[in-house]
$ cat coords-v7.pdb   # PDB, C-alpha atoms, pLDDT in the B column
ATOM      1  CA  ARG A1034       9.947 100.919 -56.995  1.00 61.00           C
ATOM      2  CA  LYS A1035       6.766 100.692 -54.957  1.00 72.00           C
ATOM      3  CA  GLU A1036       5.366  97.217 -54.369  1.00 87.00           C
ATOM      4  CA  VAL A1037       2.047  97.970 -56.021  1.00 92.00           C
ATOM      5  CA  GLU A1038       1.535 100.938 -58.295  1.00 94.00           C
ATOM      6  CA  GLN A1039      -1.626 102.340 -59.788  1.00 95.00           C
ATOM      7  CA  ASP A1040      -2.545 105.398 -61.789  1.00 92.00           C
ATOM      8  CA  PRO A1041      -4.476 107.506 -59.243  1.00 92.00           C
ATOM      9  CA  GLY A1042      -6.768 108.979 -61.901  1.00 91.00           C
ATOM     10  CA  PRO A1043      -9.353 110.301 -61.777  1.00 94.00           C
ATOM     11  CA  PHE A1044     -10.859 108.573 -64.757  1.00 95.00           C
ATOM     12  CA  ASN A1045     -13.961 110.504 -65.793  1.00 96.00           C
ATOM     13  CA  VAL A1046     -16.066 108.495 -68.231  1.00 97.00           C
ATOM     14  CA  PRO A1047     -19.622 108.764 -69.549  1.00 97.00           C
ATOM     15  CA  GLU A1048     -22.253 106.185 -68.732  1.00 98.00           C
ATOM     16  CA  GLY A1049     -22.004 103.195 -71.019  1.00 98.00           C
ATOM     17  CA  ALA A1050     -18.294 103.622 -71.692  1.00 97.00           C
ATOM     18  CA  THR A1051     -15.670 100.925 -71.303  1.00 98.00           C
ATOM     19  CA  VAL A1052     -12.793 101.753 -68.981  1.00 97.00           C
ATOM     20  CA  ALA A1053      -9.665  99.845 -68.029  1.00 96.00           C
ATOM     21  CA  PHE A1054      -7.228 100.185 -65.149  1.00 93.00           C
ATOM     22  CA  ASN A1055      -3.792  98.677 -64.867  1.00 95.00           C
ATOM     23  CA  CYS A1056      -1.728  97.908 -61.816  1.00 95.00           C
ATOM     24  CA  THR A1057       1.921  96.844 -61.658  1.00 96.00           C
ATOM     25  CA  TYR A1058       3.586  94.887 -58.875  1.00 94.00           C
ATOM     26  CA  SER A1059       7.260  94.503 -58.069  1.00 92.00           C
ATOM     27  CA  ASN A1060       7.455  91.143 -56.294  1.00 89.00           C
ATOM     28  CA  SER A1061       7.726  88.379 -58.877  1.00 89.00           C
ATOM     29  CA  ALA A1062       6.931  85.818 -56.161  1.00 86.00           C
ATOM     30  CA  SER A1063       3.453  87.270 -55.681  1.00 88.00           C
ATOM     31  CA  GLN A1064       0.880  84.519 -55.618  1.00 85.00           C
ATOM     32  CA  SER A1065      -2.598  85.949 -55.613  1.00 88.00           C
ATOM     33  CA  PHE A1066      -4.202  89.116 -56.805  1.00 93.00           C
ATOM     34  CA  PHE A1067      -7.415  90.991 -56.166  1.00 94.00           C
ATOM     35  CA  TRP A1068      -9.381  94.066 -56.996  1.00 96.00           C
ATOM     36  CA  TYR A1069     -11.154  95.814 -54.135  1.00 96.00           C
ATOM     37  CA  ARG A1070     -13.616  98.638 -54.426  1.00 97.00           C
ATOM     38  CA  GLN A1071     -13.823 101.502 -51.956  1.00 96.00           C
ATOM     39  CA  ASP A1072     -16.683 103.968 -51.967  1.00 95.00           C
ATOM     40  CA  CYS A1073     -16.176 107.425 -50.511  1.00 91.00           C
ATOM     41  CA  ARG A1074     -15.844 107.278 -46.697  1.00 88.00           C
ATOM     42  CA  LYS A1075     -16.507 103.526 -46.685  1.00 93.00           C
ATOM     43  CA  GLU A1076     -14.360 100.484 -46.093  1.00 95.00           C
ATOM     44  CA  PRO A1077     -12.819  98.535 -48.988  1.00 96.00           C
ATOM     45  CA  LYS A1078     -14.793  95.560 -50.228  1.00 95.00           C
ATOM     46  CA  LEU A1079     -13.624  92.685 -52.372  1.00 94.00           C
ATOM     47  CA  LEU A1080     -14.690  93.131 -55.989  1.00 96.00           C
ATOM     48  CA  MET A1081     -13.055  90.091 -57.516  1.00 95.00           C
ATOM     49  CA  SER A1082     -10.058  87.824 -57.415  1.00 92.00           C
ATOM     50  CA  VAL A1083      -7.748  87.726 -60.413  1.00 93.00           C
ATOM     51  CA  TYR A1084      -6.927  84.308 -61.818  1.00 88.00           C
ATOM     52  CA  SER A1085      -4.051  83.375 -64.109  1.00 88.00           C
ATOM     53  CA  SER A1086      -6.339  82.565 -66.993  1.00 89.00           C
ATOM     54  CA  GLY A1087      -8.324  85.769 -66.578  1.00 90.00           C
ATOM     55  CA  ASN A1088     -11.831  85.876 -65.237  1.00 94.00           C
ATOM     56  CA  GLU A1089     -15.072  87.667 -65.794  1.00 95.00           C
ATOM     57  CA  ASP A1090     -17.908  88.641 -63.478  1.00 95.00           C
ATOM     58  CA  GLY A1091     -20.718  90.308 -65.345  1.00 97.00           C
ATOM     59  CA  ARG A1092     -19.440  93.610 -66.728  1.00 98.00           C
ATOM     60  CA  PHE A1093     -16.076  93.213 -64.999  1.00 98.00           C
ATOM     61  CA  THR A1094     -13.080  91.393 -66.453  1.00 97.00           C
ATOM     62  CA  ALA A1095      -9.790  90.888 -64.636  1.00 97.00           C
ATOM     63  CA  GLN A1096      -6.555  89.736 -66.220  1.00 96.00           C
ATOM     64  CA  LEU A1097      -3.106  88.850 -64.982  1.00 95.00           C
ATOM     65  CA  ASN A1098       0.140  89.113 -66.917  1.00 94.00           C
ATOM     66  CA  ARG A1099       2.857  87.446 -64.834  1.00 93.00           C
ATOM     67  CA  ALA A1100       5.609  88.046 -67.368  1.00 93.00           C
ATOM     68  CA  SER A1101       5.105  91.799 -67.236  1.00 94.00           C
ATOM     69  CA  GLN A1102       3.907  91.780 -63.622  1.00 95.00           C
ATOM     70  CA  TYR A1103       0.672  93.626 -64.061  1.00 94.00           C
ATOM     71  CA  ILE A1104      -3.011  93.046 -63.564  1.00 96.00           C
ATOM     72  CA  SER A1105      -5.878  94.825 -65.195  1.00 97.00           C
ATOM     73  CA  LEU A1106      -9.539  95.513 -64.583  1.00 97.00           C
ATOM     74  CA  LEU A1107     -11.937  96.204 -67.440  1.00 97.00           C
ATOM     75  CA  ILE A1108     -15.403  97.612 -66.810  1.00 98.00           C
ATOM     76  CA  ARG A1109     -17.873  97.483 -69.678  1.00 98.00           C
ATOM     77  CA  ASP A1110     -21.075  99.509 -69.984  1.00 98.00           C
ATOM     78  CA  SER A1111     -20.157 101.748 -67.023  1.00 98.00           C
ATOM     79  CA  LYS A1112     -22.910 102.679 -64.601  1.00 98.00           C
ATOM     80  CA  LEU A1113     -23.138 105.686 -62.315  1.00 97.00           C
ATOM     81  CA  SER A1114     -22.930 103.243 -59.412  1.00 97.00           C
ATOM     82  CA  ASP A1115     -19.477 102.123 -60.580  1.00 98.00           C
ATOM     83  CA  SER A1116     -18.058 105.445 -59.371  1.00 98.00           C
ATOM     84  CA  ALA A1117     -15.563 104.516 -56.655  1.00 97.00           C
ATOM     85  CA  THR A1118     -11.879 103.982 -56.005  1.00 96.00           C
ATOM     86  CA  TYR A1119     -10.536 100.661 -57.243  1.00 97.00           C
ATOM     87  CA  LEU A1120      -7.705  99.165 -55.217  1.00 96.00           C
ATOM     88  CA  CYS A1121      -5.236  96.673 -56.624  1.00 95.00           C
ATOM     89  CA  VAL A1122      -4.140  94.135 -54.004  1.00 92.00           C
ATOM     90  CA  VAL A1123      -1.299  91.631 -54.114  1.00 91.00           C
ATOM     91  CA  ASN A1124      -0.510  88.686 -51.845  1.00 84.00           C
ATOM     92  CA  SER A1125       3.073  87.412 -51.760  1.00 75.00           C
ATOM     93  CA  GLY A1126       2.262  84.596 -49.384  1.00 66.00           C
ATOM     94  CA  ASN A1127       4.503  85.362 -46.431  1.00 63.00           C
ATOM     95  CA  THR A1128       3.665  89.021 -46.064  1.00 66.00           C
ATOM     96  CA  PRO A1129       0.396  90.796 -45.487  1.00 75.00           C
ATOM     97  CA  LEU A1130      -1.654  91.822 -48.467  1.00 82.00           C
ATOM     98  CA  VAL A1131      -0.239  94.910 -50.126  1.00 87.00           C
ATOM     99  CA  PHE A1132      -2.706  97.519 -51.305  1.00 90.00           C
ATOM    100  CA  GLY A1133      -2.158  99.980 -54.089  1.00 92.00           C
ATOM    101  CA  LYS A1134      -3.241 103.560 -53.473  1.00 92.00           C
ATOM    102  CA  GLY A1135      -6.189 103.124 -55.792  1.00 95.00           C
ATOM    103  CA  THR A1136      -7.561 104.497 -59.023  1.00 96.00           C
ATOM    104  CA  ARG A1137     -10.507 106.830 -58.774  1.00 96.00           C
ATOM    105  CA  LEU A1138     -13.337 106.381 -61.283  1.00 97.00           C
ATOM    106  CA  SER A1139     -16.157 108.834 -61.865  1.00 97.00           C
ATOM    107  CA  VAL A1140     -18.937 107.786 -64.208  1.00 98.00           C
ATOM    108  CA  ILE A1141     -20.813 110.792 -65.503  1.00 96.00           C
ATOM    109  CA  ALA A1142     -24.418 110.912 -66.712  1.00 94.00           C
TER
ATOM    110  CA  GLY B1399     -22.169  89.117 -35.851  1.00 54.00           C
ATOM    111  CA  ALA B1400     -21.769  88.356 -39.498  1.00 79.00           C
ATOM    112  CA  GLY B1401     -19.057  90.887 -40.253  1.00 93.00           C
ATOM    113  CA  VAL B1402     -16.041  92.591 -38.728  1.00 97.00           C
ATOM    114  CA  SER B1403     -17.118  94.939 -35.986  1.00 97.00           C
ATOM    115  CA  GLN B1404     -15.134  97.988 -34.881  1.00 98.00           C
ATOM    116  CA  SER B1405     -15.733 100.361 -32.026  1.00 97.00           C
ATOM    117  CA  PRO B1406     -16.055 103.184 -31.513  1.00 97.00           C
ATOM    118  CA  SER B1407     -17.073 104.342 -34.961  1.00 97.00           C
ATOM    119  CA  ASN B1408     -15.903 107.842 -34.120  1.00 97.00           C
ATOM    120  CA  LYS B1409     -13.446 109.052 -31.509  1.00 97.00           C
ATOM    121  CA  VAL B1410     -12.510 112.643 -30.805  1.00 98.00           C
ATOM    122  CA  THR B1411      -9.675 113.141 -28.375  1.00 97.00           C
ATOM    123  CA  GLU B1412      -7.277 115.784 -27.212  1.00 97.00           C
ATOM    124  CA  LYS B1413      -3.630 115.782 -28.118  1.00 97.00           C
ATOM    125  CA  GLY B1414      -1.622 113.829 -25.560  1.00 97.00           C
ATOM    126  CA  LYS B1415      -4.428 111.502 -24.496  1.00 97.00           C
ATOM    127  CA  ASP B1416      -4.375 107.737 -24.956  1.00 98.00           C
ATOM    128  CA  VAL B1417      -6.994 105.965 -27.068  1.00 98.00           C
ATOM    129  CA  GLU B1418      -8.038 102.347 -27.514  1.00 98.00           C
ATOM    130  CA  LEU B1419      -9.662 101.052 -30.660  1.00 98.00           C
ATOM    131  CA  ARG B1420     -11.393  97.701 -30.723  1.00 98.00           C
ATOM    132  CA  CYS B1421     -11.891  95.134 -33.452  1.00 98.00           C
ATOM    133  CA  ASP B1422     -14.043  92.016 -33.325  1.00 97.00           C
ATOM    134  CA  PRO B1423     -13.251  89.820 -36.345  1.00 96.00           C
ATOM    135  CA  ILE B1424     -15.456  87.360 -38.174  1.00 94.00           C
ATOM    136  CA  SER B1425     -15.812  84.191 -36.151  1.00 92.00           C
ATOM    137  CA  GLY B1426     -13.310  81.563 -37.237  1.00 89.00           C
ATOM    138  CA  HIS B1427     -10.943  84.008 -38.932  1.00 91.00           C
ATOM    139  CA  THR B1428      -7.460  83.484 -37.545  1.00 90.00           C
ATOM    140  CA  ALA B1429      -5.764  86.415 -39.272  1.00 89.00           C
ATOM    141  CA  LEU B1430      -6.481  89.996 -38.225  1.00 92.00           C
ATOM    142  CA  TYR B1431      -5.065  93.172 -39.734  1.00 92.00           C
ATOM    143  CA  TRP B1432      -4.922  96.830 -38.787  1.00 95.00           C
ATOM    144  CA  TYR B1433      -4.596  99.495 -41.447  1.00 95.00           C
ATOM    145  CA  ARG B1434      -5.027 103.222 -41.340  1.00 95.00           C
ATOM    146  CA  GLN B1435      -6.149 105.600 -44.027  1.00 94.00           C
ATOM    147  CA  SER B1436      -5.715 109.339 -43.990  1.00 92.00           C
ATOM    148  CA  LEU B1437      -8.136 111.497 -45.950  1.00 86.00           C
ATOM    149  CA  GLY B1438      -7.679 110.940 -49.660  1.00 80.00           C
ATOM    150  CA  GLN B1439      -4.780 108.538 -49.146  1.00 85.00           C
ATOM    151  CA  GLY B1440      -4.221 104.823 -49.613  1.00 87.00           C
ATOM    152  CA  LEU B1441      -4.245 102.141 -46.946  1.00 91.00           C
ATOM    153  CA  GLU B1442      -1.211 102.087 -44.683  1.00 91.00           C
ATOM    154  CA  PHE B1443      -0.464  98.688 -43.143  1.00 90.00           C
ATOM    155  CA  LEU B1444       0.125  98.782 -39.382  1.00 93.00           C
ATOM    156  CA  ILE B1445       0.203  95.253 -37.963  1.00 92.00           C
ATOM    157  CA  TYR B1446      -1.263  91.827 -38.430  1.00 88.00           C
ATOM    158  CA  PHE B1447      -1.972  88.891 -36.149  1.00 90.00           C
ATOM    159  CA  GLN B1448      -2.023  85.205 -36.884  1.00 87.00           C
ATOM    160  CA  GLY B1449      -3.864  83.850 -33.895  1.00 87.00           C
ATOM    161  CA  ASN B1450      -2.571  85.772 -30.885  1.00 87.00           C
ATOM    162  CA  SER B1451       0.902  86.402 -32.222  1.00 86.00           C
ATOM    163  CA  ALA B1452       1.971  89.345 -34.326  1.00 83.00           C
ATOM    164  CA  PRO B1453       4.580  88.181 -36.850  1.00 75.00           C
ATOM    165  CA  ASP B1454       4.719  91.550 -38.538  1.00 77.00           C
ATOM    166  CA  LYS B1455       4.710  94.807 -36.609  1.00 81.00           C
ATOM    167  CA  SER B1456       6.753  96.624 -39.197  1.00 82.00           C
ATOM    168  CA  GLY B1457       4.017  99.079 -40.053  1.00 88.00           C
ATOM    169  CA  LEU B1458       3.546 100.582 -36.611  1.00 92.00           C
ATOM    170  CA  PRO B1459       4.570 104.251 -37.060  1.00 92.00           C
ATOM    171  CA  SER B1460       6.153 104.715 -33.623  1.00 93.00           C
ATOM    172  CA  ASP B1461       6.445 103.175 -30.184  1.00 94.00           C
ATOM    173  CA  ARG B1462       3.321 105.063 -29.183  1.00 97.00           C
ATOM    174  CA  PHE B1463       1.373 102.467 -31.142  1.00 97.00           C
ATOM    175  CA  SER B1464       0.750  98.972 -29.808  1.00 95.00           C
ATOM    176  CA  ALA B1465      -1.751  96.235 -30.411  1.00 95.00           C
ATOM    177  CA  GLU B1466      -2.763  93.012 -28.805  1.00 94.00           C
ATOM    178  CA  ARG B1467      -5.082  90.168 -29.516  1.00 94.00           C
ATOM    179  CA  THR B1468      -6.363  87.750 -26.941  1.00 87.00           C
ATOM    180  CA  GLY B1469      -8.098  84.422 -27.353  1.00 85.00           C
ATOM    181  CA  GLY B1470      -7.484  84.551 -31.054  1.00 82.00           C
ATOM    182  CA  SER B1471     -10.414  86.889 -31.403  1.00 91.00           C
ATOM    183  CA  VAL B1472     -10.816  90.514 -30.310  1.00 95.00           C
ATOM    184  CA  SER B1473      -7.956  92.927 -30.902  1.00 96.00           C
ATOM    185  CA  THR B1474      -7.251  96.348 -29.466  1.00 97.00           C
ATOM    186  CA  LEU B1475      -5.037  98.984 -31.024  1.00 97.00           C
ATOM    187  CA  THR B1476      -3.706 101.469 -28.479  1.00 97.00           C
ATOM    188  CA  ILE B1477      -2.254 104.839 -29.321  1.00 98.00           C
ATOM    189  CA  GLN B1478      -0.517 106.598 -26.462  1.00 98.00           C
ATOM    190  CA  ARG B1479       0.018 110.353 -26.226  1.00 98.00           C
ATOM    191  CA  THR B1480      -1.934 110.977 -29.403  1.00 98.00           C
ATOM    192  CA  GLN B1481      -0.696 113.558 -31.875  1.00 97.00           C
ATOM    193  CA  GLN B1482      -2.639 115.449 -34.531  1.00 96.00           C
ATOM    194  CA  GLU B1483      -0.949 113.433 -37.287  1.00 95.00           C
ATOM    195  CA  ASP B1484      -2.572 110.304 -35.817  1.00 97.00           C
ATOM    196  CA  SER B1485      -5.946 111.547 -37.102  1.00 97.00           C
ATOM    197  CA  ALA B1486      -7.166 109.027 -39.669  1.00 97.00           C
ATOM    198  CA  VAL B1487      -9.607 106.188 -40.208  1.00 97.00           C
ATOM    199  CA  TYR B1488      -8.321 103.028 -38.555  1.00 98.00           C
ATOM    200  CA  LEU B1489      -9.527  99.954 -40.421  1.00 97.00           C
ATOM    201  CA  CYS B1490      -9.509  96.416 -39.140  1.00 97.00           C
ATOM    202  CA  ALA B1491      -9.816  93.394 -41.394  1.00 95.00           C
ATOM    203  CA  SER B1492      -9.895  89.658 -40.881  1.00 93.00           C
ATOM    204  CA  SER B1493      -9.344  86.633 -43.059  1.00 90.00           C
ATOM    205  CA  LEU B1494      -9.343  82.870 -42.760  1.00 86.00           C
ATOM    206  CA  GLY B1495      -5.578  82.809 -42.233  1.00 76.00           C
ATOM    207  CA  GLN B1496      -2.368  84.368 -43.435  1.00 60.00           C
ATOM    208  CA  GLY B1497      -0.844  82.352 -46.220  1.00 59.00           C
ATOM    209  CA  VAL B1498      -4.098  80.716 -47.235  1.00 60.00           C
ATOM    210  CA  THR B1499      -4.243  80.547 -51.000  1.00 58.00           C
ATOM    211  CA  ASN B1500      -6.464  83.222 -52.452  1.00 63.00           C
ATOM    212  CA  GLU B1501      -6.897  84.778 -49.024  1.00 76.00           C
ATOM    213  CA  LYS B1502      -9.576  87.457 -48.939  1.00 85.00           C
ATOM    214  CA  LEU B1503      -9.880  90.276 -46.440  1.00 90.00           C
ATOM    215  CA  PHE B1504     -13.125  91.465 -44.928  1.00 93.00           C
ATOM    216  CA  PHE B1505     -13.038  94.956 -43.479  1.00 96.00           C
ATOM    217  CA  GLY B1506     -14.869  96.600 -40.654  1.00 97.00           C
ATOM    218  CA  SER B1507     -16.344 100.037 -41.186  1.00 96.00           C
ATOM    219  CA  GLY B1508     -13.464 101.663 -39.344  1.00 97.00           C
ATOM    220  CA  THR B1509     -12.895 104.071 -36.479  1.00 98.00           C
ATOM    221  CA  GLN B1510     -12.592 107.719 -37.442  1.00 97.00           C
ATOM    222  CA  LEU B1511     -10.047 109.169 -35.014  1.00 98.00           C
ATOM    223  CA  SER B1512      -9.775 112.925 -34.687  1.00 97.00           C
ATOM    224  CA  VAL B1513      -7.045 114.385 -32.489  1.00 97.00           C
ATOM    225  CA  LEU B1514      -7.635 118.023 -31.611  1.00 95.00           C
TER
END

$ encode --input "coords-v7.pdb" --output "structure tokens"
Amino acid sequence: RKEVEQDPGPFNVPEGATVAFNCTYSNSASQSFFWYRQDCRKEPKLLMSVYSSGNEDGRFTAQLNRASQYISLLIRDSKLSDSATYLCVVNSGNTPLVFGKGTRLSVIA
Amino acid sequence: GAGVSQSPSNKVTEKGKDVELRCDPISGHTALYWYRQSLGQGLEFLIYFQGNSAPDKSGLPSDRFSAERTGGSVSTLTIQRTQQEDSAVYLCASSLGQGVTNEKLFFGSGTQLSVL
């Protein structure tokens, strides 16, 4: 089982739609979790951290389920500018951050 | 500078030549990471530094790859006798320190390496 797994997509959604991505991780000792965003031919940038109680940042909501070892990202009211690849990232403390291969989102007008 | 700086931004080289890629992390960041990303693929971890030491070199693909960091700041990634399969974007990132709770990585814009 890979350390961090994501559905590669692509997810093609219309503007205004709500879309959700899941990510599973294999190391139960993982301590912190993040979502990064990567635009085409650009470097990854931190979108948001994922906290145990779940957290929201505007149209974006992140949740963590430790029992099932997955995290999710929900995007409400999708914008064209949300089109990107979303990378799930896990930190197990003693090893470097592990990146998933990403889920590609295309928001269509 | 305010962010992670990488140079060169683009490098075209001939098969068999050696190349050096440079990364200047954010000031005060003790952890530095090298990743590479082939076209349409995910990030592949290469090596990370905590200060000047490299506790984890497990991601280096072969002994043609090496990296060093001096003064706890600038790092260079060297690829000897480059091969066509080395063509990729090489990304450097830095963070406050490995093991810091809720550690966040900041990436440079990468070096696009093309081996002809």

$ residues_around --input "coords-v7.pdb" --residues "Leu1511 (chain B)" --least-positions-apart "2" --cutoff "9 Å" --atoms "all atoms listed in the file" --output "ChimeraX atom specification"
/B:1407-1411,1484-1488,1509,1513

$ interface_residues --input "coords-v7.pdb" --of "chain B" --to "chain A" --cutoff "12 Å" --atoms "only C-alpha atoms" --output "MDAnalysis selection string"
chainID B and resid 1401:1404 1407 1429:1448 1452:1457 1486:1493 1495:1510

$ atom_distance --input "coords-v7.pdb" --atom1 "CA of Ser1425 (chain B)" --atom2 "CA of Asn1088 (chain A)"
29.4 Å

$ closest_residue --input "coords-v7.pdb" --among "B:Thr1474, B:Ser1451, B:Thr1468, B:Thr1428" --to "Leu1494 (chain B)" --atoms "all atoms listed in the file"
B:Thr1428

$ axis_aligned_box --input "coords-v7.pdb" --around "region 1087-1103 of chain A" --padding-each-side "6 Å" --output "JSON"
{"center_x": -7.6, "center_y": 89.7, "center_z": -65.4, "size_x": 38.3, "size_y": 19.9, "size_z": 15.9}

$ closest_residue --input "coords-v7.pdb" --among "A:Gly1087, A:Thr1057, A:Ala1100, A:Gly1049" --to "Ser1114 (chain A)" --atoms "only C-alpha atoms"
A:Gly1049

$ resolve_selection --input "coords-v7.pdb" --expression "the PyMOL selection byres ((chain B and resi 1476) around 10)" --output "JSON, numbers by chain"
{"B": [1416, 1417, 1418, 1419, 1420, 1462, 1463, 1464, 1465, 1466, 1473, 1474, 1475, 1477, 1478, 1479, 1480]}

$ atom_distance --input "coords-v7.pdb" --atom1 "CA of Val1123 (chain A)" --atom2 "CA of Cys1421 (chain B)"
23.5 Å

$ residues_around --input "coords-v7.pdb" --residues "Pro1043 (chain A)" --least-positions-apart "6" --cutoff "10 Å" --atoms "only C-alpha atoms" --output "list in words"
Ala1117, Thr1118, Gly1135, Thr1136, Arg1137, Leu1138 and Ser1139 of chain A

$ write_last_selection --input "coords-v7.pdb" --atoms "C-alpha atoms" --output "CSV table (one decimal), in the frame of the given file"
chain,number,residue,atom,x,y,z
A,1117,ALA,CA,-15.6,104.5,-56.7
A,1118,THR,CA,-11.9,104.0,-56.0
A,1135,GLY,CA,-6.2,103.1,-55.8
A,1136,THR,CA,-7.6,104.5,-59.0
A,1137,ARG,CA,-10.5,106.8,-58.8
A,1138,LEU,CA,-13.3,106.4,-61.3
A,1139,SER,CA,-16.2,108.8,-61.9

$ atom_distance --input "coords-v7.pdb" --atom1 "CA of Ala1053 (chain A)" --atom2 "CA of Ile1141 (chain A)"
15.8 Å

$ closest_residue --input "coords-v7.pdb" --among "B:Leu1458, B:Ser1512, B:Ala1400, B:Arg1467" --to "Glu1483 (chain B)" --atoms "only C-alpha atoms"
B:Ser1512

$ resolve_selection --input "coords-v7.pdb" --expression "the PyMOL selection byres ((chain A and resi 1103) around 12)" --output "PyMOL selection string"
chain A and resi 1036-1039+1054-1061+1063+1065-1067+1083+1085+1095-1102+1104-1106+1121-1123

$ resolve_selection --input "coords-v7.pdb" --expression "the PyMOL selection byres ((chain A and resi 1140) around 7)" --output "PyMOL selection string"
chain A and resi 1045-1048+1111-1113+1115-1116+1138-1139+1141-1142
